[in-house]
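Following: one structure in structure tokens, then a few remarks.
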Amino acid sequence: MQRILDPAQIESFAQRAIPRIRLPDPANLFARRAERLRELGRNHVIGDYLRLMATVSDAQQAALDALSLLPPPSGQAAGEVEQRMAQARTHAMPPLQAAGWPRDNRWRTILNELCDAVTVSAGSPDAVRAACTRVRERPAAHLEEQANLLLADGTEGVDAEAAPFITAALQVYWVHLATSLTLDAARDLALEHHSAVPVDVSGVCPVCGTLPVASVVRADKQYQGYRYLHCALCSTEWHLVRVKCSHCLSTEGIAYQGIEGGSEAIRAECCEHCHTYRKILYQEKDMEIEPVADDLGSLALDLLMAEEGYHRGSGNPLLWQTSG
Ligand SMILES: [Zn+2]
Ligand SMILES: [Zn+2]
């Protein structure tokens, strides 16, 4: 006898057909970002800043490459990680929840490596070199406190000079963690994400619990036409249907705005319900787009949206504005 699926089952199969998550490719994630930042930096009003962040991204790639050669955590550290991942599974929470994660000191070594790379780069202005030297000399306790603050999405008391470098170092650390997830864990996550993650955390990265920097409508084969939110920390991407506010999840009152005469590959997806916007990138209009770089390279769109009374869903990880 032929079995008939009920509508809920059909819906659940349809949802499973869409790849829920895309883990970042550690082989070239930061190198691609650096290349894109350099390209966007040509004749750009904040070209110097984009080139500085390209230098940082190159150094991030080198740090990540070095990290991947290290043995995985063992002993007590491994036990702690396993315990946290098991807890996350039980409570349907992101397995590598950034806030409160038992981070290894290693992230501060990465921070020093990034600062050193900027200091020795021929293109770095003197003021930036001096800033990197100062960041390098900050006491470990201060850096740990700042990392906790940034990972918890805090704004009060952020050390604005150090913040982009601290975040860049934490990105390397979390991309390493995310890409060290075994295939099985990633597959479980991809399949379970839709039903297992509670609604109140659906706006954050299913791997590390961080807010997205922007979203991308992918044009590559397996993902064509699907929209993914891009994690500001670990660069994992997770699926969200199109024409839906990534902040309040409203599907009504969604509009798209761009800069007149600007790139067609980038728009602000704004919501009349919560007056929040996040940028959405269209890969079919430009195959080279990279969420963190393109978000940073389109500050003019942020100015336009601010003028129109919308606020950003969350900041760019490589930019810290003291004025908030
Ligand atoms: Zn993440
Ligand atoms: Zn909204």
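A note on labels: chains of the structure tokens are A, B, ... as shown, every chain counts residues from 1, and ligands are counted from 1 in their shown order.
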Using only C-alpha atoms and all ligand atoms, I'd like a table of the residues in chain A that come within 12 Å of ligand 1; for each, show the closest atom pair and its distance in Å rounded to one decimal, ordered by chain and ascending number, as CSV.
residue,atom,partner,partner_atom_place_in_ligand_line,distance
A:Ile21,CA,ligand 1,1 (Zn),10.6
A:Arg22,CA,ligand 1,1 (Zn),10.7
A:Leu23,CA,ligand 1,1 (Zn),9.2
A:Pro24,CA,ligand 1,1 (Zn),9.7
A:Pro94,CA,ligand 1,1 (Zn),8.6
A:Pro95,CA,ligand 1,1 (Zn),9.9
A:Leu96,CA,ligand 1,1 (Zn),8.0
A:Gln97,CA,ligand 1,1 (Zn),8.2
A:Ala98,CA,ligand 1,1 (Zn),8.0
A:Ala99,CA,ligand 1,1 (Zn),11.2
A:Leu151,CA,ligand 1,1 (Zn),10.8
A:Leu170,CA,ligand 1,1 (Zn),11.0
A:Gln171,CA,ligand 1,1 (Zn),9.0
A:Val172,CA,ligand 1,1 (Zn),11.4
A:Tyr173,CA,ligand 1,1 (Zn),11.1
A:Trp174,CA,ligand 1,1 (Zn),7.5
A:Val175,CA,ligand 1,1 (Zn),7.9
A:His176,CA,ligand 1,1 (Zn),11.0
A:Leu177,CA,ligand 1,1 (Zn),9.8
A:Ala178,CA,ligand 1,1 (Zn),7.6
A:Thr179,CA,ligand 1,1 (Zn),10.7
A:Gly203,CA,ligand 1,1 (Zn),11.3
A:Val204,CA,ligand 1,1 (Zn),7.8
A:Cys205,CA,ligand 1,1 (Zn),4.6
A:Pro206,CA,ligand 1,1 (Zn),6.7
A:Val207,CA,ligand 1,1 (Zn),5.0
A:Cys208,CA,ligand 1,1 (Zn),4.1
A:Gly209,CA,ligand 1,1 (Zn),5.9
A:Thr210,CA,ligand 1,1 (Zn),5.4
A:Leu211,CA,ligand 1,1 (Zn),7.7
A:Pro212,CA,ligand 1,1 (Zn),7.9
A:Val213,CA,ligand 1,1 (Zn),10.3
A:Leu229,CA,ligand 1,1 (Zn),10.0
A:His230,CA,ligand 1,1 (Zn),7.9
A:Cys231,CA,ligand 1,1 (Zn),4.6
A:Ala232,CA,ligand 1,1 (Zn),6.6
A:Leu233,CA,ligand 1,1 (Zn),5.2
A:Cys234,CA,ligand 1,1 (Zn),4.0
A:Ser235,CA,ligand 1,1 (Zn),5.7
A:Thr236,CA,ligand 1,1 (Zn),5.3
A:Glu237,CA,ligand 1,1 (Zn),7.8
A:Trp238,CA,ligand 1,1 (Zn),9.2
Exercise for the section: Determine, counting only C-alpha atoms, which protein, DNA and RNA residues have an atom within 7 Å of an atom of A:Ile266; residues of the same chain fewer than 6 positions away are not included. Present the result as a ChimeraX atom specification. Expected result: /A:258,279-282
Exercise for the section: Kindly indicate which residue among A:Glu307, A:Asp48, A:Asp294, A:Glu252 lies nearest to ligand 2, using only C-alpha atoms and all ligand atoms for the distances. Expected result: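 Smallest separation from ligand 2 among the options: A:Glu252.
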Problem - Close residues to ligand 2 using only C-alpha atoms and all ligand atoms, limit 8 Å, as a PyMOL selection string - result: chain A and resi 244-250+254+270-277
Kindly export the residues of the current selection with N, CA, C and O atoms, as a short mmCIF file (atom, residue, chain, number, x, y, z; two decimals), in the first residue's frame.
data_model
loop_
_atom_site.label_atom_id
_atom_site.label_comp_id
_atom_site.auth_asym_id
_atom_site.auth_seq_id
_atom_site.Cartn_x
_atom_site.Cartn_y
_atom_site.Cartn_z
N LYS A 244 12.15 38.52 4.76
CA LYS A 244 11.83 38.33 6.17
C LYS A 244 12.85 39.14 6.97
O LYS A 244 14.05 39.07 6.67
N CYS A 245 12.39 39.88 7.96
CA CYS A 245 13.30 40.69 8.77
C CYS A 245 14.18 39.77 9.62
O CYS A 245 13.67 38.93 10.35
N SER A 246 15.51 39.94 9.51
CA SER A 246 16.41 39.07 10.26
C SER A 246 16.50 39.50 11.72
O SER A 246 17.16 38.85 12.52
N HIS A 247 15.84 40.60 12.05
CA HIS A 247 15.88 41.08 13.43
C HIS A 247 14.63 40.64 14.20
O HIS A 247 14.73 39.98 15.23
N CYS A 248 13.43 40.98 13.66
CA CYS A 248 12.19 40.65 14.39
C CYS A 248 11.41 39.52 13.72
O CYS A 248 10.38 39.09 14.21
N LEU A 249 11.93 39.03 12.58
CA LEU A 249 11.34 37.91 11.83
C LEU A 249 9.97 38.23 11.22
O LEU A 249 9.24 37.33 10.80
N SER A 250 9.63 39.50 11.12
CA SER A 250 8.39 39.89 10.45
C SER A 250 8.52 39.60 8.95
O SER A 250 9.60 39.73 8.37
N ILE A 254 8.48 44.68 4.55
CA ILE A 254 9.91 44.58 4.23
C ILE A 254 10.17 45.33 2.92
O ILE A 254 9.47 45.12 1.93
N CYS A 270 15.05 46.55 4.88
CA CYS A 270 14.57 47.26 6.06
C CYS A 270 13.15 46.87 6.40
O CYS A 270 12.38 46.46 5.53
N CYS A 271 12.86 46.98 7.68
CA CYS A 271 11.61 46.46 8.23
C CYS A 271 10.79 47.59 8.83
O CYS A 271 11.28 48.32 9.70
N GLU A 272 9.56 47.72 8.37
CA GLU A 272 8.67 48.77 8.88
C GLU A 272 8.19 48.44 10.28
O GLU A 272 7.74 49.30 11.03
N HIS A 273 8.28 47.16 10.61
CA HIS A 273 7.76 46.72 11.90
C HIS A 273 8.68 47.14 13.05
O HIS A 273 8.23 47.71 14.03
N CYS A 274 9.99 46.89 12.89
CA CYS A 274 10.94 47.19 13.99
C CYS A 274 11.92 48.30 13.63
O CYS A 274 12.77 48.66 14.43
N HIS A 275 11.82 48.85 12.40
CA HIS A 275 12.69 49.94 11.94
C HIS A 275 14.17 49.59 12.01
O HIS A 275 15.01 50.42 12.34
N THR A 276 14.45 48.32 11.76
CA THR A 276 15.83 47.84 11.75
C THR A 276 16.16 47.44 10.31
O THR A 276 15.26 47.15 9.52
N TYR A 277 17.44 47.49 9.96
CA TYR A 277 17.85 47.00 8.64
C TYR A 277 19.12 46.18 8.77
O TYR A 277 19.88 46.34 9.73
#
Excluding A:Ala63 and any residue of its chain fewer than 4 positions from it, enumerate the residues within 8 Å of it, using only C-alpha atoms, and give them as a compact mmCIF listing (two decimals) with N, CA and C atoms, in the first residue's frame.
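Writing done, so here's selection22.txt:
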# COMPACT_ATOMS: atom_id res chain seq x y z
N ALA A 59 46.71 38.58 7.86
CA ALA A 59 47.33 38.04 9.08
C ALA A 59 46.41 37.01 9.74
N LEU A 67 47.14 27.66 13.17
CA LEU A 67 46.30 27.03 14.19
C LEU A 67 45.86 25.62 13.76
N ILE A 110 47.20 35.07 19.09
CA ILE A 110 46.73 35.46 17.76
C ILE A 110 46.62 36.99 17.69
N GLU A 113 49.91 38.40 17.11
CA GLU A 113 50.36 38.15 15.73
C GLU A 113 49.71 39.15 14.76
N VAL A 172 39.39 34.43 14.30
CA VAL A 172 40.29 33.32 13.91
C VAL A 172 40.04 32.12 14.81
Practice task
Find, counting only C-alpha atoms, the residue in A:Leu37, A:Ala152, A:Ala54, A:Glu269 that gets nearest to A:Thr251.
Solution key: A:Glu269
Exercise for the section: Report as a ChimeraX atom specification: the residues of stretch 47-248 of chain A with a DSSP assignment of alpha helix (DSSP H), based on the backbone of this structure. Expected result: /A:47-67,75-90,106-120,126-137,140-151,163-180,183-196
Selected residues written out with C-alpha atoms, as a compact mmCIF listing (two decimals), in the first residue's frame:
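As written to disk, part-v1.txt reads:
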# COMPACT_ATOMS: atom_id res chain seq x y z
CA GLY A 47 40.24 53.27 1.41
CA ASP A 48 42.97 53.52 4.06
CA TYR A 49 40.80 51.73 6.58
CA LEU A 50 39.80 49.02 4.12
CA ARG A 51 43.48 48.44 3.26
CA LEU A 52 44.38 48.28 6.95
CA MET A 53 41.67 45.64 7.47
CA ALA A 54 43.00 43.78 4.41
CA THR A 55 46.37 43.58 6.18
CA VAL A 56 44.59 42.30 9.29
CA SER A 57 42.65 39.72 7.23
CA ASP A 58 45.84 38.42 5.61
CA ALA A 59 47.33 38.04 9.08
CA GLN A 60 44.13 36.25 10.19
CA GLN A 61 44.56 33.74 7.38
CA ALA A 62 48.19 33.11 8.39
CA ALA A 63 47.14 32.67 12.03
CA LEU A 64 44.34 30.28 11.07
CA ASP A 65 46.68 28.24 8.86
CA ALA A 66 49.11 27.94 11.79
CA LEU A 67 46.30 27.03 14.19
CA GLY A 75 42.89 16.30 28.71
CA GLN A 76 40.79 18.57 30.87
CA ALA A 77 40.32 21.14 28.08
CA ALA A 78 38.89 18.50 25.74
CA GLY A 79 36.61 17.24 28.52
CA GLU A 80 35.28 20.73 29.14
CA VAL A 81 34.60 21.30 25.44
CA GLU A 82 32.79 17.97 25.12
CA GLN A 83 30.71 18.71 28.19
CA ARG A 84 29.66 22.10 26.81
CA MET A 85 28.75 20.62 23.46
CA ALA A 86 26.65 17.90 25.13
CA GLN A 87 24.88 20.53 27.25
CA ALA A 88 24.20 22.60 24.14
CA ARG A 89 22.66 19.57 22.47
CA THR A 90 20.39 18.88 25.45
CA ARG A 106 45.86 31.09 22.45
CA TRP A 107 43.51 33.81 21.17
CA ARG A 108 45.79 36.44 22.79
CA THR A 109 48.78 35.02 20.92
CA ILE A 110 46.73 35.46 17.76
CA LEU A 111 45.97 39.05 18.78
CA ASN A 112 49.71 39.73 19.13
CA GLU A 113 50.36 38.15 15.73
CA LEU A 114 47.74 40.41 14.10
CA CYS A 115 49.16 43.51 15.79
CA ASP A 116 52.69 42.55 14.72
CA ALA A 117 51.56 42.06 11.12
CA VAL A 118 50.10 45.57 11.02
CA THR A 119 53.19 47.05 12.70
CA VAL A 120 55.61 45.59 10.14
CA ASP A 126 52.44 55.69 11.94
CA ALA A 127 49.32 56.35 14.02
CA VAL A 128 48.03 52.83 13.34
CA ARG A 129 51.39 51.28 14.22
CA ALA A 130 51.41 53.19 17.48
CA ALA A 131 47.86 52.01 18.19
CA CYS A 132 48.85 48.37 17.58
CA THR A 133 51.80 48.72 19.92
CA ARG A 134 49.48 50.09 22.59
CA VAL A 135 46.98 47.26 22.09
CA ARG A 136 49.82 44.73 22.39
CA GLU A 137 50.83 46.25 25.71
CA ALA A 140 45.98 40.30 29.78
CA ALA A 141 43.16 40.85 32.30
CA HIS A 142 41.98 43.91 30.37
CA LEU A 143 42.03 42.01 27.06
CA GLU A 144 40.09 39.09 28.56
CA GLU A 145 37.52 41.47 30.00
CA GLN A 146 37.18 43.22 26.64
CA ALA A 147 36.81 39.89 24.84
CA ASN A 148 34.01 38.91 27.26
CA LEU A 149 32.31 42.22 26.64
CA LEU A 150 32.53 42.00 22.85
CA LEU A 151 31.40 38.36 22.74
CA ALA A 163 38.06 46.32 19.66
CA PRO A 164 38.59 45.62 15.92
CA PHE A 165 41.85 43.75 16.66
CA ILE A 166 40.39 41.78 19.57
CA THR A 167 37.40 40.82 17.42
CA ALA A 168 39.68 39.84 14.53
CA ALA A 169 41.67 37.54 16.85
CA LEU A 170 38.47 36.00 18.25
CA GLN A 171 37.23 35.44 14.68
CA VAL A 172 40.29 33.32 13.91
CA TYR A 173 39.78 31.34 17.09
CA TRP A 174 36.07 30.70 16.40
CA VAL A 175 36.48 29.90 12.72
CA HIS A 176 39.00 27.31 13.86
CA LEU A 177 36.51 25.88 16.38
CA ALA A 178 33.65 25.89 13.86
CA THR A 179 35.64 24.21 11.13
CA SER A 180 36.96 21.64 13.59
CA LEU A 183 31.21 16.32 9.65
CA ASP A 184 28.72 14.33 11.71
CA ALA A 185 28.25 17.18 14.16
CA ALA A 186 27.80 19.62 11.28
CA ARG A 187 25.27 17.35 9.60
CA ASP A 188 23.28 16.94 12.83
CA LEU A 189 23.33 20.66 13.26
CA ALA A 190 22.16 21.24 9.72
CA LEU A 191 19.29 18.79 10.09
CA GLU A 192 18.29 19.72 13.58
CA HIS A 193 18.64 23.44 13.34
CA HIS A 194 15.17 24.16 12.11
CA SER A 195 13.24 22.21 14.70
CA ALA A 196 15.66 21.99 17.60
